[in-house]
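Notes follow the structure.
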Protein chains: 2
Amino acid sequence: MYRLTASYRHPADPEAFLRHYRTVHDPLTRSMPGLDAFEWGICETPDGSTPPYFVVAVLTFADREAAFGSLGSEAGQRGAADMANFAMAGVEVTQWEAQTS
Amino acid sequence: MYRLTASYRHPADPEAFLRHYRTVHDPLTRSMPGLDAFEWGICETPDGSTPPYFVVAVLTFADREAAFGSLGSEAGQRGAADMANFAMAGVEVTQWEAQTS
């Protein structure tokens, strides 16, 4: 199982970020070929302080080959390009082969 | 489903980090009550450049209540304290209710 996470810094306009994320980036991501699962959430902290990121998303693929193929597909390229429309505050992407045992 | 991620900055001694992580922190984390799933991986990039983090781990709980109860348990507290033994380079923790639909 291969995972990719995208951790988004706090945007200047959180409502505009979420509106774009829900209506454009979420469906665009879900249209990527070979994507086994997609989830995301708005970060919180136990004490109510500001978390390091605003939103974290996790994409799941069968393996590295499936992930790279998906990211290189037309939908994958459109998703990457779309980040310029809402992730101006910054985003950190990680990718890794998940070790579950 | 409630997720917690721990993203570790690149350590001064990667081998020592991984040795401690595999032999101490991994089993300690897995001993946490109410933990539905635990996985982690060593980050990589498509072009071989240095990724923003060295290791990312994802903990999965049924819901926020289960997560907070687990983090507050003896094993949870020991796991948090253990970070001082290998995560000196820094770690960013996020937690969020996963939206999958």
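Ligands are numbered from 1 in the order shown, residues from 1 within each chain, and chains are lettered A, B, ... in the order they appear in the structure tokens.
Taking the backbone of this structure through DSSP, the residues of chain A that come out as strand (DSSP E) are Tyr2, Arg3, Leu4, Thr5, Ala6, Ser7, Tyr8, Ala37, Phe38, Glu39, Trp40, Gly41, Ile42, Val55, Val56, Ala57, Val58, Leu59, Thr60, Phe61, Val91, Glu92, Val93, Thr94, Gln95, Trp96 and Glu97 of chain A.
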With C-alpha atoms retained, could you export that selection as a PDB file, in the first residue's frame?
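Listing of again09.pdb after writing:
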```pdb
ATOM      1  CA  TYR A   2       1.387   3.365  -1.035  1.00  0.00           C
ATOM      2  CA  ARG A   3       0.303   6.593   0.639  1.00  0.00           C
ATOM      3  CA  LEU A   4       0.568  10.232  -0.279  1.00  0.00           C
ATOM      4  CA  THR A   5      -0.302  12.988   2.167  1.00  0.00           C
ATOM      5  CA  ALA A   6      -0.852  16.663   1.446  1.00  0.00           C
ATOM      6  CA  SER A   7      -0.662  18.944   4.484  1.00  0.00           C
ATOM      7  CA  TYR A   8      -1.967  22.458   3.854  1.00  0.00           C
ATOM      8  CA  ALA A  37      -8.984   5.711  -1.260  1.00  0.00           C
ATOM      9  CA  PHE A  38      -9.108   9.428  -0.595  1.00  0.00           C
ATOM     10  CA  GLU A  39      -9.868  11.155   2.658  1.00  0.00           C
ATOM     11  CA  TRP A  40      -9.183  14.516   4.217  1.00  0.00           C
ATOM     12  CA  GLY A  41      -9.999  16.442   7.332  1.00  0.00           C
ATOM     13  CA  ILE A  42      -9.732  19.806   9.026  1.00  0.00           C
ATOM     14  CA  VAL A  55      -6.162  20.490   6.287  1.00  0.00           C
ATOM     15  CA  VAL A  56      -4.512  17.118   5.756  1.00  0.00           C
ATOM     16  CA  ALA A  57      -5.439  14.761   2.929  1.00  0.00           C
ATOM     17  CA  VAL A  58      -4.386  11.148   2.407  1.00  0.00           C
ATOM     18  CA  LEU A  59      -4.383   9.385  -0.971  1.00  0.00           C
ATOM     19  CA  THR A  60      -3.988   5.620  -1.091  1.00  0.00           C
ATOM     20  CA  PHE A  61      -2.712   3.538  -3.994  1.00  0.00           C
ATOM     21  CA  VAL A  91       1.495  22.623   1.193  1.00  0.00           C
ATOM     22  CA  GLU A  92       3.852  19.821   2.131  1.00  0.00           C
ATOM     23  CA  VAL A  93       3.505  16.556   0.272  1.00  0.00           C
ATOM     24  CA  THR A  94       4.859  13.256   1.534  1.00  0.00           C
ATOM     25  CA  GLN A  95       4.770   9.860  -0.124  1.00  0.00           C
ATOM     26  CA  TRP A  96       5.813   6.512   1.220  1.00  0.00           C
ATOM     27  CA  GLU A  97       5.316   2.781   1.058  1.00  0.00           C
TER      28      GLU A  97
END
```
| message | So that I can see what lies close to Pro33 of chain B, please list as a list in words the residues with an atom at most 8 Å from it, counting only C-alpha atoms and leaving out residues fewer than 6 positions away in the same chain. | response | Ser70, Ser73 and Ala75 of chain B
Please produce an output containing N, CA and C atoms for each residue in the selection, written as a PDB file, in the first residue's frame.
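Output saved as selection15.pdb:
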```
ATOM      1  N   SER B  70      -7.182   7.067  24.122  1.00  0.00           N
ATOM      2  CA  SER B  70      -5.967   6.299  23.878  1.00  0.00           C
ATOM      3  C   SER B  70      -4.720   7.146  24.136  1.00  0.00           C
ATOM      4  N   SER B  73      -4.088   7.448  27.784  1.00  0.00           N
ATOM      5  CA  SER B  73      -3.815   6.216  28.534  1.00  0.00           C
ATOM      6  C   SER B  73      -2.334   6.137  28.913  1.00  0.00           C
ATOM      7  N   ALA B  75      -0.153   3.872  28.030  1.00  0.00           N
ATOM      8  CA  ALA B  75       0.643   3.585  26.831  1.00  0.00           C
ATOM      9  C   ALA B  75       0.756   4.826  25.950  1.00  0.00           C
TER      10      ALA B  75
END
```
| said: For the helix (DSSP H, G or I) assignment from backbone DSSP, which residues of chain B qualify? Please present them as a ChimeraX atom specification. | reply: /B:14-30,64-72,74-85
Residues just named, written with N, CA, C and O atoms as a compact mmCIF listing (two decimals), in the first residue's frame:
```txt
# COMPACT_ATOMS: atom_id res chain seq x y z
N PRO B 14 19.99 8.97 10.95
CA PRO B 14 18.82 8.22 10.47
C PRO B 14 18.79 6.76 10.93
O PRO B 14 17.72 6.24 11.25
N GLU B 15 19.96 6.13 10.98
CA GLU B 15 19.99 4.72 11.39
C GLU B 15 19.57 4.55 12.84
O GLU B 15 18.84 3.63 13.19
N ALA B 16 20.06 5.45 13.69
CA ALA B 16 19.69 5.38 15.11
C ALA B 16 18.20 5.65 15.29
O ALA B 16 17.52 5.00 16.09
N PHE B 17 17.69 6.60 14.50
CA PHE B 17 16.25 6.90 14.54
C PHE B 17 15.46 5.64 14.21
O PHE B 17 14.55 5.24 14.96
N LEU B 18 15.78 5.01 13.09
CA LEU B 18 15.01 3.85 12.64
C LEU B 18 15.13 2.67 13.60
O LEU B 18 14.17 1.94 13.83
N ARG B 19 16.33 2.50 14.17
CA ARG B 19 16.52 1.41 15.12
C ARG B 19 15.60 1.61 16.34
O ARG B 19 14.91 0.69 16.77
N HIS B 20 15.60 2.83 16.85
CA HIS B 20 14.75 3.12 18.00
C HIS B 20 13.27 3.02 17.62
O HIS B 20 12.45 2.48 18.37
N TYR B 21 12.95 3.55 16.46
CA TYR B 21 11.55 3.55 16.03
C TYR B 21 11.01 2.12 15.91
O TYR B 21 9.92 1.81 16.41
N ARG B 22 11.81 1.26 15.28
CA ARG B 22 11.36 -0.11 15.04
C ARG B 22 11.30 -0.94 16.33
O ARG B 22 10.39 -1.75 16.51
N THR B 23 12.28 -0.75 17.18
CA THR B 23 12.38 -1.63 18.35
C THR B 23 11.64 -1.12 19.58
O THR B 23 11.26 -1.90 20.44
N VAL B 24 11.44 0.20 19.65
CA VAL B 24 10.80 0.77 20.85
C VAL B 24 9.47 1.47 20.52
O VAL B 24 8.43 1.14 21.07
N HIS B 25 9.53 2.44 19.59
CA HIS B 25 8.35 3.28 19.40
C HIS B 25 7.23 2.55 18.69
O HIS B 25 6.05 2.75 19.01
N ASP B 26 7.56 1.75 17.71
CA ASP B 26 6.54 0.99 16.99
C ASP B 26 5.76 0.07 17.94
O ASP B 26 4.53 0.16 18.02
N PRO B 27 6.44 -0.81 18.69
CA PRO B 27 5.68 -1.67 19.61
C PRO B 27 4.94 -0.89 20.70
O PRO B 27 3.84 -1.29 21.11
N LEU B 28 5.54 0.21 21.15
CA LEU B 28 4.88 1.04 22.16
C LEU B 28 3.59 1.61 21.61
O LEU B 28 2.54 1.60 22.27
N THR B 29 3.65 2.10 20.38
CA THR B 29 2.46 2.67 19.74
C THR B 29 1.39 1.60 19.57
O THR B 29 0.21 1.81 19.87
N ARG B 30 1.81 0.42 19.12
CA ARG B 30 0.84 -0.65 18.90
C ARG B 30 0.18 -1.13 20.18
O ARG B 30 -0.85 -1.81 20.15
N ARG B 64 -13.14 10.53 17.72
CA ARG B 64 -12.36 11.46 18.53
C ARG B 64 -12.24 10.96 19.98
O ARG B 64 -11.17 11.05 20.59
N GLU B 65 -13.34 10.46 20.52
CA GLU B 65 -13.34 10.00 21.92
C GLU B 65 -12.33 8.86 22.11
O GLU B 65 -11.58 8.83 23.08
N ALA B 66 -12.33 7.91 21.18
CA ALA B 66 -11.39 6.79 21.27
C ALA B 66 -9.96 7.28 21.16
O ALA B 66 -9.06 6.80 21.87
N ALA B 67 -9.73 8.26 20.28
CA ALA B 67 -8.37 8.78 20.09
C ALA B 67 -7.88 9.48 21.36
O ALA B 67 -6.76 9.22 21.83
N PHE B 68 -8.70 10.36 21.91
CA PHE B 68 -8.28 11.10 23.10
C PHE B 68 -8.09 10.16 24.29
O PHE B 68 -7.17 10.33 25.09
N GLY B 69 -8.96 9.17 24.40
CA GLY B 69 -8.81 8.21 25.49
C GLY B 69 -7.51 7.43 25.35
O GLY B 69 -6.81 7.19 26.33
N SER B 70 -7.18 7.07 24.12
CA SER B 70 -5.97 6.30 23.88
C SER B 70 -4.72 7.15 24.14
O SER B 70 -3.75 6.68 24.76
N LEU B 71 -4.76 8.38 23.68
CA LEU B 71 -3.60 9.26 23.88
C LEU B 71 -3.40 9.56 25.37
O LEU B 71 -2.27 9.77 25.82
N GLY B 72 -4.48 9.55 26.12
CA GLY B 72 -4.38 9.84 27.54
C GLY B 72 -4.08 8.62 28.40
O GLY B 72 -3.84 8.75 29.61
N GLU B 74 -2.00 5.16 29.74
CA GLU B 74 -0.60 5.02 30.14
C GLU B 74 0.29 4.76 28.92
O GLU B 74 1.35 5.37 28.77
N ALA B 75 -0.15 3.87 28.03
CA ALA B 75 0.64 3.58 26.83
C ALA B 75 0.76 4.83 25.95
O ALA B 75 1.82 5.10 25.37
N GLY B 76 -0.33 5.58 25.84
CA GLY B 76 -0.32 6.79 25.04
C GLY B 76 0.67 7.82 25.60
O GLY B 76 1.42 8.46 24.85
N GLN B 77 0.66 7.96 26.89
CA GLN B 77 1.56 8.91 27.54
C GLN B 77 3.02 8.46 27.40
O GLN B 77 3.92 9.27 27.20
N ARG B 78 3.24 7.15 27.48
CA ARG B 78 4.60 6.63 27.31
C ARG B 78 5.07 6.85 25.88
O ARG B 78 6.25 7.17 25.65
N GLY B 79 4.17 6.66 24.92
CA GLY B 79 4.53 6.88 23.53
C GLY B 79 4.89 8.34 23.27
O GLY B 79 5.87 8.63 22.57
N ALA B 80 4.11 9.26 23.83
CA ALA B 80 4.39 10.68 23.65
C ALA B 80 5.74 11.03 24.28
O ALA B 80 6.54 11.76 23.70
N ALA B 81 5.98 10.48 25.47
CA ALA B 81 7.24 10.77 26.17
C ALA B 81 8.43 10.19 25.41
O ALA B 81 9.52 10.78 25.39
N ASP B 82 8.21 9.05 24.75
CA ASP B 82 9.30 8.39 24.03
C ASP B 82 9.80 9.23 22.85
O ASP B 82 10.94 9.05 22.40
N MET B 83 8.96 10.13 22.34
CA MET B 83 9.39 10.96 21.21
C MET B 83 10.66 11.75 21.54
O MET B 83 11.45 12.05 20.65
N ALA B 84 10.84 12.07 22.79
CA ALA B 84 12.03 12.81 23.20
C ALA B 84 13.31 12.00 22.97
O ALA B 84 14.40 12.55 22.91
N ASN B 85 13.16 10.68 22.79
CA ASN B 85 14.32 9.81 22.63
C ASN B 85 14.81 9.67 21.18
O ASN B 85 15.88 9.12 20.94
```
| Of the candidates B:Ser31, B:Phe86, B:Phe54, B:Cys43, which one gets nearest to chain A if we count only C-alpha atoms? |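 Nearest to chain A: B:Cys43.
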| said: Nearest residue to chain B out of A:Asp36, A:Met1, A:Gln99, A:Gly90, using only C-alpha atoms? | reply: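 Closest to chain B, using only C-alpha atoms: A:Gln99.
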| message | As an exercise, work out the distance from atom CA of Ala62 of chain A to atom CA of Met32 of chain A in Å and give it to one decimal place. | response |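 We find that atom CA of Ala62 of chain A and atom CA of Met32 of chain A lie 13.3 Å from each other.
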